[in-house]
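Text of model.cif, listed as mmCIF, C-alpha atoms and all ligand atoms:
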data_entry
#
loop_
_atom_site.label_atom_id
_atom_site.label_comp_id
_atom_site.auth_asym_id
_atom_site.auth_seq_id
_atom_site.Cartn_x
_atom_site.Cartn_y
_atom_site.Cartn_z
CA MET K 1 27.24 25.87 -2.48
CA SER K 2 30.98 25.31 -2.36
CA VAL K 3 33.04 27.41 0.04
CA PRO K 4 36.11 28.99 -1.57
CA PHE K 5 39.45 27.54 -0.50
CA ILE K 6 41.11 29.57 2.23
CA ASP K 7 44.61 29.44 3.60
CA LEU K 8 44.12 29.09 7.37
CA GLY K 9 47.76 29.76 8.17
CA VAL K 10 48.11 33.26 6.71
CA HIS K 11 49.98 35.53 9.11
CA HIS K 12 51.54 38.87 8.27
CA LYS K 13 54.88 38.98 10.12
CA PRO K 14 55.01 42.37 11.88
CA GLN K 15 57.43 44.64 10.03
CA GLY K 16 58.36 47.84 11.81
CA PHE K 17 56.93 49.75 14.74
CA SER K 18 53.36 50.29 13.51
CA ASP K 19 52.87 46.58 12.70
CA ARG K 20 54.18 45.59 16.15
CA ILE K 21 51.76 48.02 17.82
CA ALA K 22 48.88 46.59 15.73
CA TYR K 23 49.86 43.00 16.56
CA GLY K 24 50.39 43.67 20.27
CA PHE K 25 47.03 45.45 20.53
CA THR K 26 45.28 42.53 18.76
CA LYS K 27 46.89 39.93 21.04
CA ALA K 28 45.88 41.94 24.14
CA LEU K 29 42.27 42.05 22.93
CA ARG K 30 42.40 38.33 22.09
CA TRP K 31 43.43 37.62 25.67
CA CYS K 32 40.49 39.71 26.94
CA ALA K 33 38.05 37.86 24.65
CA ASP K 34 39.43 34.44 25.64
CA THR K 35 39.13 35.34 29.33
CA PHE K 36 35.63 36.78 29.02
CA PHE K 37 34.03 34.16 26.74
CA ALA K 38 36.15 31.00 27.23
CA GLU K 39 34.38 28.36 25.09
CA ARG K 40 31.05 30.17 24.65
CA TYR K 41 31.52 30.53 20.89
CA GLY K 42 27.98 31.64 20.04
CA HIS K 43 28.10 34.50 22.56
CA ARG K 44 31.62 35.34 21.47
CA ALA K 45 30.50 35.59 17.84
CA VAL K 46 27.56 37.90 18.67
CA VAL K 47 29.57 40.32 20.80
CA LEU K 48 32.68 40.38 18.57
CA GLU K 49 30.69 40.80 15.34
CA THR K 50 29.25 44.03 16.79
CA VAL K 51 32.86 45.24 16.95
CA ALA K 52 33.99 43.72 13.63
CA ALA K 53 31.34 45.69 11.72
CA VAL K 54 32.78 49.04 12.85
CA PRO K 55 36.17 49.45 11.05
CA GLY K 56 34.80 49.08 7.52
CA MET K 57 32.31 51.90 8.04
CA VAL K 58 34.93 54.12 9.71
CA GLY K 59 37.42 53.49 6.89
CA ALA K 60 34.73 54.12 4.25
CA THR K 61 33.66 57.39 5.93
CA ILE K 62 37.18 58.76 6.27
CA ASN K 63 38.19 57.76 2.72
CA HIS K 64 34.95 59.23 1.36
CA LEU K 65 35.60 62.56 3.08
CA ALA K 66 39.26 62.56 1.96
CA CYS K 67 38.25 61.89 -1.66
CA LEU K 68 35.74 64.77 -1.53
CA ARG K 69 38.35 67.17 -0.15
CA ARG K 70 41.11 66.08 -2.52
CA MET K 71 38.70 65.56 -5.43
CA CYS K 72 40.36 62.27 -6.25
CA ASP K 73 39.40 58.69 -7.07
CA ASP K 74 39.10 56.17 -4.22
CA LYS K 75 40.49 53.21 -6.23
CA GLY K 76 37.49 51.15 -5.13
CA TRP K 77 38.34 51.31 -1.42
CA ILE K 78 35.08 52.92 -0.21
CA LYS K 79 32.76 50.28 -1.69
CA THR K 80 35.07 47.48 -0.53
CA LEU K 81 35.03 48.81 3.05
CA MET K 82 31.25 49.37 3.06
CA ASP K 83 30.73 45.83 1.79
CA GLU K 84 32.94 44.56 4.62
CA ALA K 85 30.85 46.45 7.21
CA GLU K 86 27.61 45.06 5.75
CA ASN K 87 29.01 41.54 5.58
CA GLU K 88 30.06 41.72 9.26
CA ARG K 89 26.60 43.00 10.20
CA MET K 90 25.09 39.96 8.45
CA HIS K 91 27.38 37.75 10.57
CA LEU K 92 25.86 39.46 13.61
CA MET K 93 22.28 39.02 12.30
CA THR K 94 23.05 35.33 11.75
CA PHE K 95 24.62 34.57 15.13
CA ILE K 96 21.92 36.46 17.03
CA GLU K 97 19.63 33.62 15.81
CA ILE K 98 22.00 31.09 17.41
CA SER K 99 22.86 32.76 20.72
CA LYS K 100 21.05 35.48 22.61
CA PRO K 101 23.38 37.87 24.45
CA THR K 102 22.89 38.26 28.20
CA LEU K 103 21.89 41.63 29.64
CA PHE K 104 25.47 42.09 30.81
CA GLU K 105 26.80 41.36 27.31
CA ARG K 106 24.39 43.92 25.84
CA ALA K 107 25.77 46.52 28.27
CA VAL K 108 29.33 45.52 27.28
CA ILE K 109 28.40 45.91 23.58
CA ILE K 110 27.17 49.48 24.16
CA GLY K 111 30.25 50.48 26.17
CA VAL K 112 32.70 48.81 23.79
CA GLN K 113 31.06 50.44 20.76
CA TRP K 114 31.56 53.93 22.19
CA VAL K 115 35.18 53.31 23.05
CA PHE K 116 36.11 51.28 19.97
CA TYR K 117 34.41 53.57 17.44
CA LEU K 118 36.11 56.68 18.79
CA CYS K 119 39.53 55.02 19.21
CA PHE K 120 39.45 53.40 15.78
CA PHE K 121 38.31 56.65 14.14
CA ALA K 122 41.21 58.50 15.81
CA LEU K 123 43.68 55.76 14.85
CA TYR K 124 42.49 55.84 11.22
CA LEU K 125 43.01 59.62 11.10
CA VAL K 126 46.50 59.31 12.59
CA SER K 127 47.62 56.21 10.63
CA SER K 128 45.30 54.45 8.19
CA LYS K 129 48.12 51.95 7.56
CA THR K 130 48.16 50.89 11.24
CA ALA K 131 44.35 50.84 11.31
CA HIS K 132 44.15 48.42 8.36
CA ARG K 133 46.94 46.30 9.85
CA VAL K 134 44.96 46.08 13.12
CA VAL K 135 41.93 44.83 11.18
CA GLY K 136 44.12 42.36 9.27
CA TYR K 137 45.31 40.94 12.61
CA PHE K 138 41.77 40.97 14.08
CA GLU K 139 40.64 38.91 11.09
CA GLU K 140 43.54 36.45 11.50
CA GLU K 141 42.18 35.88 15.02
CA ALA K 142 38.60 35.61 13.71
CA VAL K 143 39.69 32.81 11.33
CA ILE K 144 41.31 31.00 14.30
CA SER K 145 38.21 31.46 16.50
CA TYR K 146 35.82 30.14 13.84
CA THR K 147 38.17 27.16 13.31
CA HIS K 148 37.82 26.44 17.06
CA TYR K 149 34.03 26.84 16.73
CA LEU K 150 34.02 24.23 13.91
CA ALA K 151 35.98 21.80 16.11
CA GLU K 152 33.45 22.46 18.90
CA ILE K 153 30.60 21.49 16.54
CA ASP K 154 32.45 18.49 15.05
CA GLU K 155 33.27 17.13 18.51
CA GLY K 156 29.64 17.49 19.63
CA ARG K 157 30.13 20.19 22.28
CA SER K 158 28.00 22.67 20.31
CA PRO K 159 24.82 21.31 18.69
CA ASN K 160 24.87 21.47 14.89
CA VAL K 161 21.47 23.16 14.67
CA PRO K 162 19.77 24.04 11.35
CA ALA K 163 21.16 27.18 9.69
CA PRO K 164 19.03 30.28 10.41
CA ALA K 165 16.82 31.36 7.48
CA ILE K 166 18.59 34.73 7.21
CA ALA K 167 21.91 32.93 6.66
CA ARG K 168 20.43 30.54 4.09
CA GLN K 169 19.03 33.48 2.12
CA TYR K 170 22.15 35.65 2.36
CA TRP K 171 24.68 32.99 1.32
CA GLY K 172 22.29 30.95 -0.83
CA LEU K 173 22.70 27.85 1.36
CA PRO K 174 20.47 24.77 0.80
CA ASP K 175 17.34 24.25 2.93
CA ASP K 176 19.05 21.52 4.96
CA ALA K 177 22.15 23.63 5.71
CA THR K 178 23.41 23.55 9.29
CA LEU K 179 25.35 25.77 11.67
CA ARG K 180 28.53 24.04 10.46
CA ASP K 181 27.89 25.26 6.89
CA VAL K 182 27.30 28.77 8.22
CA VAL K 183 30.54 28.80 10.23
CA LEU K 184 32.43 27.64 7.11
CA VAL K 185 31.18 30.56 4.97
CA VAL K 186 31.63 33.07 7.80
CA ARG K 187 35.22 31.89 8.27
CA ALA K 188 35.83 32.30 4.51
CA ASP K 189 34.41 35.86 4.75
CA GLU K 190 36.84 36.60 7.59
CA ALA K 191 39.78 35.24 5.56
CA HIS K 192 38.75 37.58 2.73
CA HIS K 193 38.61 40.59 5.11
CA ARG K 194 41.98 39.54 6.56
CA ASP K 195 43.68 39.57 3.17
CA VAL K 196 41.94 42.75 1.97
CA ASN K 197 42.96 44.70 5.08
CA HIS K 198 46.54 43.39 5.14
CA GLY K 199 46.62 44.29 1.44
CA PHE K 200 45.43 47.87 2.10
CA ALA K 201 48.00 48.26 4.91
CA SER K 202 50.77 46.92 2.66
CA GLU K 203 49.70 49.19 -0.20
CA LEU K 204 49.88 52.20 2.15
CA ALA K 205 53.31 51.03 3.33
CA GLY K 206 54.53 50.61 -0.26
CA LEU K 207 54.84 46.83 0.20
CA PRO K 208 53.60 44.18 -2.25
CA VAL K 209 49.94 43.20 -1.78
CA GLY K 210 49.65 39.44 -1.18
CA ARG K 211 47.04 37.01 -2.45
CA ILE K 212 43.44 37.86 -1.50
CA ALA K 213 41.19 34.95 -0.48
CA GLU K 214 37.99 34.86 -2.50
CA CYS K 215 34.81 36.09 -0.79
CA PRO K 216 32.01 33.46 -0.70
CA PRO K 217 29.11 34.60 -2.91
CA HIS K 218 26.18 36.26 -1.16
CA VAL K 219 23.09 38.20 -2.23
CA THR K 220 23.03 41.99 -2.40
CA LEU K 221 20.80 43.42 0.33
CA GLU K 222 17.98 45.51 -1.07
CA PRO K 223 15.44 47.88 0.57
CA ASN K 224 11.86 46.66 0.96
CA TRP K 225 10.50 49.15 -1.61
CA LYS K 226 12.76 47.60 -4.25
CA LYS K 227 11.84 44.04 -3.30
CA ALA K 228 8.14 44.89 -3.55
CA ALA K 229 8.50 46.49 -7.02
FE FE K 301 32.61 38.58 11.06
FE FE K 302 35.73 39.99 9.59
#

Could you render the structure as structure tokens?
Amino acid sequence: MSVPFIDLGVHHKPQGFSDRIAYGFTKALRWCADTFFAERYGHRAVVLETVAAVPGMVGATINHLACLRRMCDDKGWIKTLMDEAENERMHLMTFIEISKPTLFERAVIIGVQWVFYLCFFALYLVSSKTAHRVVGYFEEEAVISYTHYLAEIDEGRSPNVPAPAIARQYWGLPDDATLRDVVLVVRADEAHHRDVNHGFASELAGLPVGRIAECPPHVTLEPNWKKAA
């Protein structure tokens, strides 16, 4: 499977107060993550993917409710955001096969989920534009982190273990795929989320929507009753 080309250097230059808040908040969280995880990329991926899977579902919920109240079309936003949440959850399900979180990290995940869900929900209600910009900046950082993870694998500091079965099935990777192949498709997913969320924020701000990186192909998840039929 070929991974779609992604532009690693995409950065939305903060324009105006809300963008600066979003960027400052992202850089503060980046500092926390760098301090907490240092070079433990597998653990970093597991913990941060539990956070990354939240905004899409929050955005989908709030847009869904708004469309019901206003009786208007969602312009495809709800499905896009739900797909993002599912895709991030599959990142989590993949990296949990690579690194097992410590008991302390599991406690951090529970605490962070409470705080982040409530804060992000409130932010989305107050300013959906800022909320999408925050996610756009988070995803810029995710692309950088997965690029560091690739270097870690290429330089032999992280073993290039076989790709977990769940990842091979989801992205249709060959049987001999490795962790490196997985990190490449995950990074391409993050670049897609980055561009989609910057695009949504720009659309809400009345700015032109830039180029959107292609999402690597993956299977559609289906319930067991459907698979058995
Ligand atoms: Fe992710
Ligand atoms: Fe992401």

Could you pull the residues within 12 Å of Glu190 in chain K, counting only C-alpha atoms, minus those fewer than 2 positions along the same chain, as an MDAnalysis selection string? chainID K and resid 4 6:8 10 49 52:53 84:85 87:88 91 135:147 183:188 192:197 212:216

Expressed in Å, the length from CA of Thr26 in chain K to CA of Val134 in chain K is 6.7 Å

Between K:Asn63, K:Thr94, K:Ser18, K:Asn160, smallest distance to ligand FE 301 (chain K) by only C-alpha atoms and all ligand atoms belongs to K:Thr94

Would you compute, for all listed atoms of range 89-108 of chain K, the axis-aligned bounding box grown by 3 Å on each side, and then report its centre and edge lengths in Å rounded to one decimal, as lines of an AutoDock Vina configuration file?
center_x = 24.5
center_y = 38.8
center_z = 19.6
size_x = 15.7
size_y = 21.4
size_z = 28.4

Counting all atoms listed in the file, closest pick from K:Ser99, K:Ser128, K:Gln15, K:Ser202 relative to Ser158 in chain K is K:Ser99
